[in-house]
$ cat coords.pdb   # PDB, C-alpha atoms
MODEL        1
ATOM      1  CA  MET D   1      25.884   9.379 -16.461
ATOM      2  CA  LYS D   2      24.331   9.320 -13.026
ATOM      3  CA  LEU D   3      21.854  11.508 -11.208
ATOM      4  CA  MET D   4      22.603  11.934  -7.539
ATOM      5  CA  ILE D   5      19.710  13.039  -5.335
ATOM      6  CA  ALA D   6      21.019  14.207  -1.956
ATOM      7  CA  ILE D   7      18.690  15.170   0.884
ATOM      8  CA  LEU D   8      20.432  17.377   3.453
ATOM      9  CA  ARG D   9      19.497  19.385   6.463
ATOM     10  CA  LYS D  10      19.027  23.018   5.533
ATOM     11  CA  LYS D  11      21.936  24.206   7.645
ATOM     12  CA  ASP D  12      24.352  21.944   5.791
ATOM     13  CA  CYS D  13      23.372  22.837   2.276
ATOM     14  CA  GLU D  14      25.432  26.013   1.781
ATOM     15  CA  PRO D  15      28.861  24.469   2.496
ATOM     16  CA  VAL D  16      27.949  21.359   0.527
ATOM     17  CA  ILE D  17      26.776  23.341  -2.523
ATOM     18  CA  GLN D  18      29.812  25.616  -2.417
ATOM     19  CA  ALA D  19      32.209  22.684  -2.222
ATOM     20  CA  LEU D  20      30.436  20.846  -5.038
ATOM     21  CA  VAL D  21      30.397  23.897  -7.324
ATOM     22  CA  LYS D  22      34.061  24.579  -6.556
ATOM     23  CA  ASP D  23      34.820  21.095  -7.881
ATOM     24  CA  ASP D  24      32.775  21.782 -11.035
ATOM     25  CA  PHE D  25      29.701  19.776 -10.151
ATOM     26  CA  ARG D  26      26.467  21.228 -11.466
ATOM     27  CA  VAL D  27      23.957  21.427  -8.662
ATOM     28  CA  THR D  28      20.241  22.169  -8.643
ATOM     29  CA  ARG D  29      18.681  22.935  -5.283
ATOM     30  CA  VAL D  30      15.072  22.199  -4.372
ATOM     31  CA  ALA D  31      13.484  23.266  -1.091
ATOM     32  CA  SER D  32      11.931  20.318   0.676
ATOM     33  CA  THR D  33      10.627  19.209   4.048
ATOM     34  CA  GLY D  34      11.316  16.119   6.084
ATOM     35  CA  GLY D  35       8.150  14.132   6.585
ATOM     36  CA  PHE D  36       8.450  13.339  10.231
ATOM     37  CA  LEU D  37       9.447  16.463  12.115
ATOM     38  CA  ARG D  38       8.618  18.768   9.193
ATOM     39  CA  GLN D  39      12.086  20.200   9.374
ATOM     40  CA  GLY D  40      13.135  22.231   6.389
ATOM     41  CA  ASN D  41      15.671  20.333   4.390
ATOM     42  CA  VAL D  42      17.098  20.636   0.926
ATOM     43  CA  THR D  43      17.135  18.206  -1.976
ATOM     44  CA  LEU D  44      20.059  18.555  -4.358
ATOM     45  CA  LEU D  45      20.102  17.186  -7.902
ATOM     46  CA  ILE D  46      23.604  16.552  -9.184
ATOM     47  CA  GLY D  47      24.202  15.102 -12.626
ATOM     48  CA  THR D  48      27.654  13.635 -13.000
ATOM     49  CA  ASP D  49      29.741  10.960 -14.642
ATOM     50  CA  GLU D  50      29.835   7.642 -12.854
ATOM     51  CA  ASP D  51      33.532   7.993 -12.029
ATOM     52  CA  LYS D  52      32.892  11.201 -10.073
ATOM     53  CA  ILE D  53      30.168   9.847  -7.821
ATOM     54  CA  GLU D  54      32.586   8.882  -5.058
ATOM     55  CA  SER D  55      34.141  12.326  -5.199
ATOM     56  CA  ALA D  56      30.719  13.973  -4.883
ATOM     57  CA  LEU D  57      29.797  11.676  -1.993
ATOM     58  CA  LYS D  58      33.025  12.554  -0.234
ATOM     59  CA  ILE D  59      32.252  16.258  -0.585
ATOM     60  CA  VAL D  60      28.817  15.747   0.929
ATOM     61  CA  ARG D  61      30.226  13.599   3.734
ATOM     62  CA  THR D  62      32.902  16.102   4.724
ATOM     63  CA  ASN D  63      30.628  19.138   4.645
ATOM     64  CA  VAL D  64      27.713  18.043   6.801
ATOM     65  CA  GLU D  65      27.700  18.539  10.558
ATOM     66  CA  ASP D  66      27.022  15.825  13.097
ATOM     67  CA  PRO D  67      23.349  15.029  13.602
ATOM     68  CA  ASP D  68      21.290  16.705  16.320
ATOM     69  CA  ARG D  69      19.995  13.343  17.447
ATOM     70  CA  PRO D  70      21.875  10.039  17.307
ATOM     71  CA  GLU D  71      19.217   8.332  15.167
ATOM     72  CA  GLN D  72      19.196  11.117  12.621
ATOM     73  CA  ALA D  73      21.063  10.778   9.330
ATOM     74  CA  ARG D  74      23.203  13.703   8.244
ATOM     75  CA  ALA D  75      22.299  13.147   4.641
ATOM     76  CA  THR D  76      20.489  10.626   2.489
ATOM     77  CA  VAL D  77      21.807  10.041  -0.996
ATOM     78  CA  PHE D  78      20.256   8.149  -3.900
ATOM     79  CA  VAL D  79      22.278   7.555  -7.054
ATOM     80  CA  LEU D  80      20.217   6.775 -10.150
ATOM     81  CA  ASN D  81      21.263   5.558 -13.566
ATOM     82  CA  VAL D  82      20.531   8.044 -16.344
ATOM     83  CA  ALA D  83      19.203   6.437 -19.544
ATOM     84  CA  GLN D  84      19.677   9.603 -21.590
ATOM     85  CA  PHE D  85      21.294  12.961 -20.832
ATOM     86  CA  GLU D  86      20.958  16.121 -22.888
ATOM     87  CA  GLN D  87      22.283  19.607 -22.494
ATOM     88  CA  LEU D  88      20.319  21.767 -24.886
TER      89      LEU D  88
ATOM     90  CA  MET O  89       7.808   4.278 -19.171
ATOM     91  CA  LYS O  90      10.364   7.007 -18.663
ATOM     92  CA  LEU O  91      10.666   9.915 -16.271
ATOM     93  CA  MET O  92      12.165  13.013 -17.823
ATOM     94  CA  ILE O  93      13.645  15.561 -15.426
ATOM     95  CA  ALA O  94      14.227  18.863 -17.226
ATOM     96  CA  ILE O  95      15.972  21.789 -15.559
ATOM     97  CA  LEU O  96      15.168  25.082 -17.286
ATOM     98  CA  ARG O  97      15.733  28.736 -16.700
ATOM     99  CA  LYS O  98      12.671  30.297 -15.090
ATOM    100  CA  LYS O  99      11.947  32.551 -18.047
ATOM    101  CA  ASP O 100      11.706  29.571 -20.388
ATOM    102  CA  CYS O 101       9.402  27.432 -18.336
ATOM    103  CA  GLU O 102       6.037  28.923 -19.299
ATOM    104  CA  PRO O 103       6.347  28.361 -23.076
ATOM    105  CA  VAL O 104       7.857  24.918 -22.504
ATOM    106  CA  ILE O 105       5.084  23.827 -20.115
ATOM    107  CA  GLN O 106       2.350  25.196 -22.383
ATOM    108  CA  ALA O 107       3.776  23.396 -25.412
ATOM    109  CA  LEU O 108       4.178  20.127 -23.486
ATOM    110  CA  VAL O 109       0.641  20.257 -22.071
ATOM    111  CA  LYS O 110      -0.766  21.109 -25.529
ATOM    112  CA  ASP O 111       0.776  17.865 -26.768
ATOM    113  CA  ASP O 112      -0.770  15.925 -23.870
ATOM    114  CA  PHE O 113       2.331  15.518 -21.752
ATOM    115  CA  ARG O 114       1.673  15.550 -18.036
ATOM    116  CA  VAL O 115       4.021  17.983 -16.365
ATOM    117  CA  THR O 116       4.829  18.635 -12.722
ATOM    118  CA  ARG O 117       6.729  21.824 -11.954
ATOM    119  CA  VAL O 118       9.096  22.238  -9.016
ATOM    120  CA  ALA O 119      10.744  25.543  -8.140
ATOM    121  CA  SER O 120      14.503  25.171  -7.907
ATOM    122  CA  THR O 121      17.711  27.175  -7.845
ATOM    123  CA  GLY O 122      20.904  26.784  -9.825
ATOM    124  CA  GLY O 123      23.820  26.121  -7.531
ATOM    125  CA  PHE O 124      26.363  28.445  -8.999
ATOM    126  CA  LEU O 125      24.754  31.808  -9.612
ATOM    127  CA  ARG O 126      21.699  31.005  -7.471
ATOM    128  CA  GLN O 127      19.464  31.865 -10.359
ATOM    129  CA  GLY O 128      15.893  30.758 -10.037
ATOM    130  CA  ASN O 129      15.230  27.891 -12.345
ATOM    131  CA  VAL O 130      12.523  25.302 -12.683
ATOM    132  CA  THR O 131      12.666  21.518 -12.579
ATOM    133  CA  LEU O 132       9.993  19.745 -14.588
ATOM    134  CA  LEU O 133       8.988  16.118 -14.058
ATOM    135  CA  ILE O 134       7.454  14.558 -17.150
ATOM    136  CA  GLY O 135       6.363  10.932 -17.174
ATOM    137  CA  THR O 136       5.995   9.568 -20.653
ATOM    138  CA  ASP O 137       6.276   6.523 -22.864
ATOM    139  CA  GLU O 138       9.720   5.843 -24.264
ATOM    140  CA  ASP O 139       8.587   6.526 -27.827
ATOM    141  CA  LYS O 140       7.546  10.070 -26.930
ATOM    142  CA  ILE O 141      10.822  11.123 -25.324
ATOM    143  CA  GLU O 142      12.233  12.559 -28.549
ATOM    144  CA  SER O 143       9.040  14.514 -29.083
ATOM    145  CA  ALA O 144       9.232  15.961 -25.553
ATOM    146  CA  LEU O 145      12.912  16.829 -26.034
ATOM    147  CA  LYS O 146      12.093  18.596 -29.281
ATOM    148  CA  ILE O 147       9.423  20.663 -27.529
ATOM    149  CA  VAL O 148      11.905  21.701 -24.856
ATOM    150  CA  ARG O 149      14.580  22.485 -27.448
ATOM    151  CA  THR O 150      12.311  24.677 -29.562
ATOM    152  CA  ASN O 151      10.844  26.625 -26.650
ATOM    153  CA  VAL O 152      13.939  27.774 -24.775
ATOM    154  CA  GLU O 153      15.700  31.002 -25.627
ATOM    155  CA  ASP O 154      19.400  31.326 -26.359
ATOM    156  CA  PRO O 155      21.605  31.399 -23.266
ATOM    157  CA  ASP O 156      22.649  34.665 -21.636
ATOM    158  CA  ARG O 157      26.249  33.531 -21.590
ATOM    159  CA  PRO O 158      27.933  31.273 -24.138
ATOM    160  CA  GLU O 159      28.942  28.667 -21.548
ATOM    161  CA  GLN O 160      25.437  28.401 -20.142
ATOM    162  CA  ALA O 161      23.140  25.525 -21.099
ATOM    163  CA  ARG O 162      19.595  26.405 -22.052
ATOM    164  CA  ALA O 163      18.289  23.295 -20.413
ATOM    165  CA  THR O 164      19.590  20.124 -18.804
ATOM    166  CA  VAL O 165      17.565  16.980 -19.265
ATOM    167  CA  PHE O 166      17.875  13.619 -17.544
ATOM    168  CA  VAL O 167      15.792  10.680 -18.750
ATOM    169  CA  LEU O 168      15.361   7.880 -16.227
ATOM    170  CA  ASN O 169      13.932   4.393 -16.633
ATOM    171  CA  VAL O 170      10.798   3.811 -14.583
ATOM    172  CA  ALA O 171      10.645   0.401 -12.922
ATOM    173  CA  GLN O 172       6.977   0.754 -12.028
ATOM    174  CA  PHE O 173       4.336   3.341 -12.877
ATOM    175  CA  GLU O 174       0.957   3.718 -11.217
ATOM    176  CA  GLN O 175      -1.876   6.134 -11.657
ATOM    177  CA  LEU O 176      -4.121   5.722  -8.656
TER     178      LEU O 176
ATOM    179  CA  MET F 177      16.569  -0.113  -2.958
ATOM    180  CA  LYS F 178      13.917   1.858  -4.776
ATOM    181  CA  LEU F 179      13.017   5.521  -4.946
ATOM    182  CA  MET F 180       9.302   6.171  -5.152
ATOM    183  CA  ILE F 181       8.245   9.548  -6.497
ATOM    184  CA  ALA F 182       4.582  10.177  -5.730
ATOM    185  CA  ILE F 183       2.716  13.224  -7.040
ATOM    186  CA  LEU F 184      -0.407  13.960  -5.010
ATOM    187  CA  ARG F 185      -2.981  16.660  -4.734
ATOM    188  CA  LYS F 186      -2.111  19.044  -1.927
ATOM    189  CA  LYS F 187      -5.194  18.174   0.094
ATOM    190  CA  ASP F 188      -4.228  14.503   0.178
ATOM    191  CA  CYS F 189      -0.643  14.889   1.245
ATOM    192  CA  GLU F 190      -1.082  15.219   5.011
ATOM    193  CA  PRO F 191      -2.907  11.910   5.575
ATOM    194  CA  VAL F 192      -0.587  10.145   3.137
ATOM    195  CA  ILE F 193       2.573  11.462   4.826
ATOM    196  CA  GLN F 194       1.276  10.669   8.298
ATOM    197  CA  ALA F 195       0.374   7.110   7.310
ATOM    198  CA  LEU F 196       3.728   6.555   5.606
ATOM    199  CA  VAL F 197       5.719   7.907   8.554
ATOM    200  CA  LYS F 198       3.637   5.820  10.972
ATOM    201  CA  ASP F 199       4.765   2.753   9.019
ATOM    202  CA  ASP F 200       8.420   3.884   9.213
ATOM    203  CA  PHE F 201       8.795   5.137   5.685
ATOM    204  CA  ARG F 202      11.111   8.102   5.329
ATOM    205  CA  VAL F 203       9.392  10.796   3.328
ATOM    206  CA  THR F 204      10.691  14.007   1.794
ATOM    207  CA  ARG F 205       8.084  16.494   0.630
ATOM    208  CA  VAL F 206       8.586  18.933  -2.226
ATOM    209  CA  ALA F 207       6.053  21.610  -3.156
ATOM    210  CA  SER F 208       5.110  21.365  -6.812
ATOM    211  CA  THR F 209       2.497  22.516  -9.296
ATOM    212  CA  GLY F 210       0.520  20.583 -11.851
ATOM    213  CA  GLY F 211       1.252  21.810 -15.351
ATOM    214  CA  PHE F 212      -2.246  22.003 -16.729
ATOM    215  CA  LEU F 213      -4.491  23.699 -14.209
ATOM    216  CA  ARG F 214      -1.573  25.005 -12.120
ATOM    217  CA  GLN F 215      -3.056  23.392  -9.070
ATOM    218  CA  GLY F 216      -0.763  23.123  -6.118
ATOM    219  CA  ASN F 217       0.298  19.563  -5.627
ATOM    220  CA  VAL F 218       3.005  17.809  -3.685
ATOM    221  CA  THR F 219       5.808  15.536  -4.804
ATOM    222  CA  LEU F 220       6.950  12.984  -2.251
ATOM    223  CA  LEU F 221      10.295  11.193  -2.377
ATOM    224  CA  ILE F 222      10.253   7.880  -0.542
ATOM    225  CA  GLY F 223      13.312   5.665  -0.435
ATOM    226  CA  THR F 224      12.485   2.106   0.461
ATOM    227  CA  ASP F 225      13.381  -1.529  -0.020
ATOM    228  CA  GLU F 226      11.845  -3.209  -3.014
ATOM    229  CA  ASP F 227       9.723  -5.504  -0.857
ATOM    230  CA  LYS F 228       7.975  -2.554   0.780
ATOM    231  CA  ILE F 229       6.933  -0.793  -2.418
ATOM    232  CA  GLU F 230       3.527  -2.496  -2.523
ATOM    233  CA  SER F 231       2.942  -1.529   1.091
ATOM    234  CA  ALA F 232       3.811   2.103   0.353
ATOM    235  CA  LEU F 233       1.568   2.107  -2.715
ATOM    236  CA  LYS F 234      -1.282   0.717  -0.655
ATOM    237  CA  ILE F 235      -0.850   3.492   1.902
ATOM    238  CA  VAL F 236      -1.002   6.105  -0.840
ATOM    239  CA  ARG F 237      -4.032   4.441  -2.452
ATOM    240  CA  THR F 238      -6.025   4.258   0.772
ATOM    241  CA  ASN F 239      -5.272   7.811   1.871
ATOM    242  CA  VAL F 240      -6.185   9.843  -1.204
ATOM    243  CA  GLU F 241      -9.709  11.103  -1.791
ATOM    244  CA  ASP F 242     -11.699  10.558  -4.956
ATOM    245  CA  PRO F 243     -10.805  12.904  -7.795
ATOM    246  CA  ASP F 244     -12.686  16.160  -8.379
ATOM    247  CA  ARG F 245     -13.122  15.298 -12.029
ATOM    248  CA  PRO F 246     -13.490  11.794 -13.483
ATOM    249  CA  GLU F 247     -10.447  12.156 -15.776
ATOM    250  CA  GLN F 248      -8.204  13.287 -12.944
ATOM    251  CA  ALA F 249      -5.780  10.863 -11.309
ATOM    252  CA  ARG F 250      -5.689  10.830  -7.521
ATOM    253  CA  ALA F 251      -1.971  10.250  -7.540
ATOM    254  CA  THR F 252       0.796   9.467  -9.984
ATOM    255  CA  VAL F 253       3.604   7.245  -8.783
ATOM    256  CA  PHE F 254       6.955   6.478 -10.382
ATOM    257  CA  VAL F 255       9.194   3.808  -8.868
ATOM    258  CA  LEU F 256      12.860   4.053  -9.859
ATOM    259  CA  ASN F 257      15.712   1.652  -9.313
ATOM    260  CA  VAL F 258      18.448   3.014  -7.073
ATOM    261  CA  ALA F 259      21.981   2.207  -8.232
ATOM    262  CA  GLN F 260      23.558   3.295  -4.959
ATOM    263  CA  PHE F 261      22.104   4.379  -1.612
ATOM    264  CA  GLU F 262      23.992   6.067   1.209
ATOM    265  CA  GLN F 263      22.957   7.355   4.577
ATOM    266  CA  LEU F 264      25.767   9.566   5.787
TER     267      LEU F 264
ENDMDL
END
$ encode --input "coords.pdb" --output "structure tokens"
Amino acid sequence: MKLMIAILRKKDCEPVIQALVKDDFRVTRVASTGGFLRQGNVTLLIGTDEDKIESALKIVRTNVEDPDRPEQARATVFVLNVAQFEQL
Amino acid sequence: MKLMIAILRKKDCEPVIQALVKDDFRVTRVASTGGFLRQGNVTLLIGTDEDKIESALKIVRTNVEDPDRPEQARATVFVLNVAQFEQL
Amino acid sequence: MKLMIAILRKKDCEPVIQALVKDDFRVTRVASTGGFLRQGNVTLLIGTDEDKIESALKIVRTNVEDPDRPEQARATVFVLNVAQFEQL
């Protein structure tokens, strides 16, 4: 089990969430702010099996627009190992 | 040290937080939204020693109501290993 | 790659964020609430190389004020290992 934490620009989050949910990923959305320009962004938490991480990354990659500035990332993604996972 | 990330329905978070705090867990609450039905939910961050994880899970389990729909989870919990922990 | 999760009091977050960004750390800010006294606090997500963790910790340490109460922490920091990191 992995926990993917994806930080997206706000304008990209709707298509990304919709595409993830359509492919049966469970997504939790947290409102957040970029530190530098204080732009609103969105942090998604996505718990998934290790073998679906590439599929989730591909969904993110294909659903974010090009950056406004060349040095800007379209999305930043951290994948963490999950020591224990419980659905209660 | 472990970091527990618990995603709860909004209506369950007050009893869960109160029970965790009563047992000396330190809890940070983040407002979040479920991706599918856009229901408000809550993401809790709970840092704790490994040997107290089961106790924290039990508190969550006993303080969430039954789901509204059979396929719905009452809570989703990720436990992560903490490489370094600092209280400044 | 590491993911630092730093929970700060709200009043400390501006100087901490500014100092981190000045030193080229990328910071994502999430509004959060402490469980016990329901004080507004802030959760920062900071992705960074392992060899810059001490530098980031030092920035946090030197930019938070003394606690209001002796038993209160000025900041709580979790450092997590990142299994995979992508900037899209």
$ closest_atom_pairs --input "coords.pdb" --of "chain O" --to "chain F" --cutoff "8 Å" --atoms "all atoms listed in the file" --output "tab-separated table"
residue	atom	partner	partner_atom	distance
O:Leu91	CA	F:Phe254	CA	7.8
O:Ile105	CA	F:Gly211	CA	6.4
O:Gln106	CA	F:Gly211	CA	7.9
O:Val109	CA	F:Phe212	CA	6.3
O:Arg114	CA	F:Gly211	CA	6.8
O:Val115	CA	F:Gly211	CA	4.8
O:Thr116	CA	F:Gly210	CA	4.8
O:Arg117	CA	F:Thr209	CA	5.0
O:Val118	CA	F:Ser208	CA	4.6
O:Ala119	CA	F:Ser208	CA	7.1
O:Leu168	CA	F:Leu256	CA	7.8
O:Asn169	CA	F:Leu256	CA	6.9
O:Val170	CA	F:Leu256	CA	5.2
O:Ala171	CA	F:Leu256	CA	5.3
O:Gln172	CA	F:Val255	CA	4.9
O:Phe173	CA	F:Phe254	CA	4.8
O:Glu174	CA	F:Val253	CA	5.0
O:Gln175	CA	F:Thr252	CA	4.6
O:Leu176	CA	F:Ala251	CA	5.1
$ calpha_fit_and_write --input "coords.pdb" --fixed "chain O" --moving "chain D" --output "compact mmCIF listing (two decimals) with C-alpha atoms, in the coordinates of the input"
# COMPACT_ATOMS: atom_id res chain seq x y z
CA MET D 1 7.81 4.30 -19.19
CA LYS D 2 10.36 7.02 -18.66
CA LEU D 3 10.67 9.92 -16.28
CA MET D 4 12.17 13.01 -17.83
CA ILE D 5 13.65 15.56 -15.43
CA ALA D 6 14.23 18.86 -17.23
CA ILE D 7 15.98 21.79 -15.56
CA LEU D 8 15.17 25.09 -17.29
CA ARG D 9 15.73 28.74 -16.70
CA LYS D 10 12.69 30.30 -15.09
CA LYS D 11 11.96 32.54 -18.05
CA ASP D 12 11.70 29.57 -20.39
CA CYS D 13 9.40 27.43 -18.33
CA GLU D 14 6.03 28.92 -19.31
CA PRO D 15 6.33 28.35 -23.08
CA VAL D 16 7.84 24.92 -22.51
CA ILE D 17 5.07 23.83 -20.11
CA GLN D 18 2.35 25.18 -22.39
CA ALA D 19 3.76 23.39 -25.42
CA LEU D 20 4.16 20.14 -23.50
CA VAL D 21 0.62 20.25 -22.08
CA LYS D 22 -0.77 21.10 -25.52
CA ASP D 23 0.78 17.86 -26.77
CA ASP D 24 -0.78 15.92 -23.86
CA PHE D 25 2.32 15.51 -21.75
CA ARG D 26 1.67 15.55 -18.02
CA VAL D 27 4.02 17.99 -16.37
CA THR D 28 4.83 18.64 -12.73
CA ARG D 29 6.74 21.82 -11.96
CA VAL D 30 9.11 22.25 -9.03
CA ALA D 31 10.76 25.55 -8.13
CA SER D 32 14.50 25.17 -7.90
CA THR D 33 17.71 27.17 -7.86
CA GLY D 34 20.90 26.80 -9.82
CA GLY D 35 23.80 26.11 -7.51
CA PHE D 36 26.35 28.45 -8.95
CA LEU D 37 24.74 31.82 -9.57
CA ARG D 38 21.68 31.01 -7.45
CA GLN D 39 19.47 31.88 -10.36
CA GLY D 40 15.89 30.76 -10.03
CA ASN D 41 15.24 27.90 -12.35
CA VAL D 42 12.54 25.31 -12.70
CA THR D 43 12.67 21.53 -12.59
CA LEU D 44 10.00 19.75 -14.60
CA LEU D 45 8.99 16.12 -14.06
CA ILE D 46 7.46 14.56 -17.15
CA GLY D 47 6.36 10.94 -17.17
CA THR D 48 5.98 9.56 -20.66
CA ASP D 49 6.27 6.51 -22.86
CA GLU D 50 9.71 5.84 -24.26
CA ASP D 51 8.57 6.52 -27.83
CA LYS D 52 7.55 10.08 -26.93
CA ILE D 53 10.81 11.12 -25.33
CA GLU D 54 12.22 12.56 -28.55
CA SER D 55 9.03 14.52 -29.08
CA ALA D 56 9.23 15.96 -25.55
CA LEU D 57 12.90 16.83 -26.04
CA LYS D 58 12.08 18.59 -29.28
CA ILE D 59 9.42 20.66 -27.52
CA VAL D 60 11.91 21.69 -24.85
CA ARG D 61 14.57 22.48 -27.45
CA THR D 62 12.32 24.68 -29.56
CA ASN D 63 10.85 26.62 -26.65
CA VAL D 64 13.94 27.76 -24.78
CA GLU D 65 15.71 31.01 -25.62
CA ASP D 66 19.40 31.33 -26.35
CA PRO D 67 21.61 31.41 -23.27
CA ASP D 68 22.66 34.67 -21.63
CA ARG D 69 26.25 33.52 -21.58
CA PRO D 70 27.94 31.26 -24.14
CA GLU D 71 28.95 28.66 -21.54
CA GLN D 72 25.45 28.41 -20.14
CA ALA D 73 23.16 25.53 -21.10
CA ARG D 74 19.60 26.40 -22.07
CA ALA D 75 18.30 23.29 -20.42
CA THR D 76 19.59 20.13 -18.82
CA VAL D 77 17.57 16.98 -19.28
CA PHE D 78 17.88 13.61 -17.56
CA VAL D 79 15.80 10.68 -18.77
CA LEU D 80 15.37 7.88 -16.24
CA ASN D 81 13.95 4.40 -16.63
CA VAL D 82 10.80 3.82 -14.58
CA ALA D 83 10.65 0.38 -12.92
CA GLN D 84 6.98 0.73 -12.02
CA PHE D 85 4.34 3.34 -12.86
CA GLU D 86 0.96 3.72 -11.21
CA GLN D 87 -1.87 6.14 -11.65
CA LEU D 88 -4.12 5.71 -8.65
$ atom_distance --input "coords.pdb" --atom1 "CA of Met1 (chain D)" --atom2 "CA of Leu44 (chain D)"
16.3 Å
$ atom_distance --input "coords.pdb" --atom1 "CA of Asp199 (chain F)" --atom2 "CA of Arg9 (chain D)"
22.4 Å
$ residues_around --input "coords.pdb" --residues "Ile59 (chain D)" --least-positions-apart "3" --cutoff "9 Å" --atoms "only C-alpha atoms" --output "VMD selection string"
chain D and resid 16 19 to 20 54 to 56 62 to 64
$ write_last_selection --input "coords.pdb" --atoms "C-alpha atoms" --output "mmCIF file, in the coordinates of the input"
data_model
loop_
_atom_site.group_PDB
_atom_site.id
_atom_site.type_symbol
_atom_site.label_atom_id
_atom_site.label_comp_id
_atom_site.auth_asym_id
_atom_site.auth_seq_id
_atom_site.Cartn_x
_atom_site.Cartn_y
_atom_site.Cartn_z
ATOM 1 C CA VAL D 16 27.949 21.359 0.527
ATOM 2 C CA ALA D 19 32.209 22.684 -2.222
ATOM 3 C CA LEU D 20 30.436 20.846 -5.038
ATOM 4 C CA GLU D 54 32.586 8.882 -5.058
ATOM 5 C CA SER D 55 34.141 12.326 -5.199
ATOM 6 C CA ALA D 56 30.719 13.973 -4.883
ATOM 7 C CA THR D 62 32.902 16.102 4.724
ATOM 8 C CA ASN D 63 30.628 19.138 4.645
ATOM 9 C CA VAL D 64 27.713 18.043 6.801
#
$ decode --input "coords.pdb" --residues "region 66-79 of chain D" --atoms "N, CA and C atoms" --output "PDB file, in the first residue's frame"
ATOM      1  N   ASP D  66      -0.407  23.007 -19.063  1.00  0.00           N
ATOM      2  CA  ASP D  66       0.968  23.502 -19.058  1.00  0.00           C
ATOM      3  C   ASP D  66       1.126  24.614 -18.023  1.00  0.00           C
ATOM      4  N   PRO D  67       2.314  24.765 -17.497  1.00  0.00           N
ATOM      5  CA  PRO D  67       2.510  25.788 -16.456  1.00  0.00           C
ATOM      6  C   PRO D  67       2.391  27.199 -17.019  1.00  0.00           C
ATOM      7  N   ASP D  68       2.056  28.141 -16.112  1.00  0.00           N
ATOM      8  CA  ASP D  68       1.956  29.547 -16.509  1.00  0.00           C
ATOM      9  C   ASP D  68       3.338  30.133 -16.751  1.00  0.00           C
ATOM     10  N   ARG D  69       4.288  29.640 -15.979  1.00  0.00           N
ATOM     11  CA  ARG D  69       5.668  30.124 -16.141  1.00  0.00           C
ATOM     12  C   ARG D  69       6.554  28.900 -16.357  1.00  0.00           C
ATOM     13  N   PRO D  70       7.614  29.073 -17.166  1.00  0.00           N
ATOM     14  CA  PRO D  70       8.442  27.910 -17.509  1.00  0.00           C
ATOM     15  C   PRO D  70       9.029  27.191 -16.295  1.00  0.00           C
ATOM     16  N   GLU D  71       9.343  27.961 -15.231  1.00  0.00           N
ATOM     17  CA  GLU D  71      10.016  27.337 -14.081  1.00  0.00           C
ATOM     18  C   GLU D  71       9.024  26.660 -13.130  1.00  0.00           C
ATOM     19  N   GLN D  72       7.753  26.824 -13.441  1.00  0.00           N
ATOM     20  CA  GLN D  72       6.738  26.288 -12.533  1.00  0.00           C
ATOM     21  C   GLN D  72       6.461  24.813 -12.836  1.00  0.00           C
ATOM     22  N   ALA D  73       6.319  24.005 -11.793  1.00  0.00           N
ATOM     23  CA  ALA D  73       5.912  22.619 -11.991  1.00  0.00           C
ATOM     24  C   ALA D  73       4.391  22.566 -12.135  1.00  0.00           C
ATOM     25  N   ARG D  74       3.927  21.615 -12.926  1.00  0.00           N
ATOM     26  CA  ARG D  74       2.474  21.445 -13.047  1.00  0.00           C
ATOM     27  C   ARG D  74       1.914  20.714 -11.835  1.00  0.00           C
ATOM     28  N   ALA D  75       2.714  19.838 -11.306  1.00  0.00           N
ATOM     29  CA  ALA D  75       2.274  19.098 -10.122  1.00  0.00           C
ATOM     30  C   ALA D  75       3.502  18.530  -9.433  1.00  0.00           C
ATOM     31  N   THR D  76       3.399  18.388  -8.129  1.00  0.00           N
ATOM     32  CA  THR D  76       4.468  17.771  -7.348  1.00  0.00           C
ATOM     33  C   THR D  76       3.870  16.572  -6.637  1.00  0.00           C
ATOM     34  N   VAL D  77       4.503  15.430  -6.787  1.00  0.00           N
ATOM     35  CA  VAL D  77       3.926  14.204  -6.250  1.00  0.00           C
ATOM     36  C   VAL D  77       4.940  13.489  -5.353  1.00  0.00           C
ATOM     37  N   PHE D  78       4.509  13.176  -4.148  1.00  0.00           N
ATOM     38  CA  PHE D  78       5.288  12.352  -3.228  1.00  0.00           C
ATOM     39  C   PHE D  78       4.564  11.020  -3.062  1.00  0.00           C
ATOM     40  N   VAL D  79       5.289   9.932  -3.177  1.00  0.00           N
ATOM     41  CA  VAL D  79       4.711   8.619  -2.890  1.00  0.00           C
ATOM     42  C   VAL D  79       5.375   8.075  -1.624  1.00  0.00           C
TER      43      VAL D  79
END
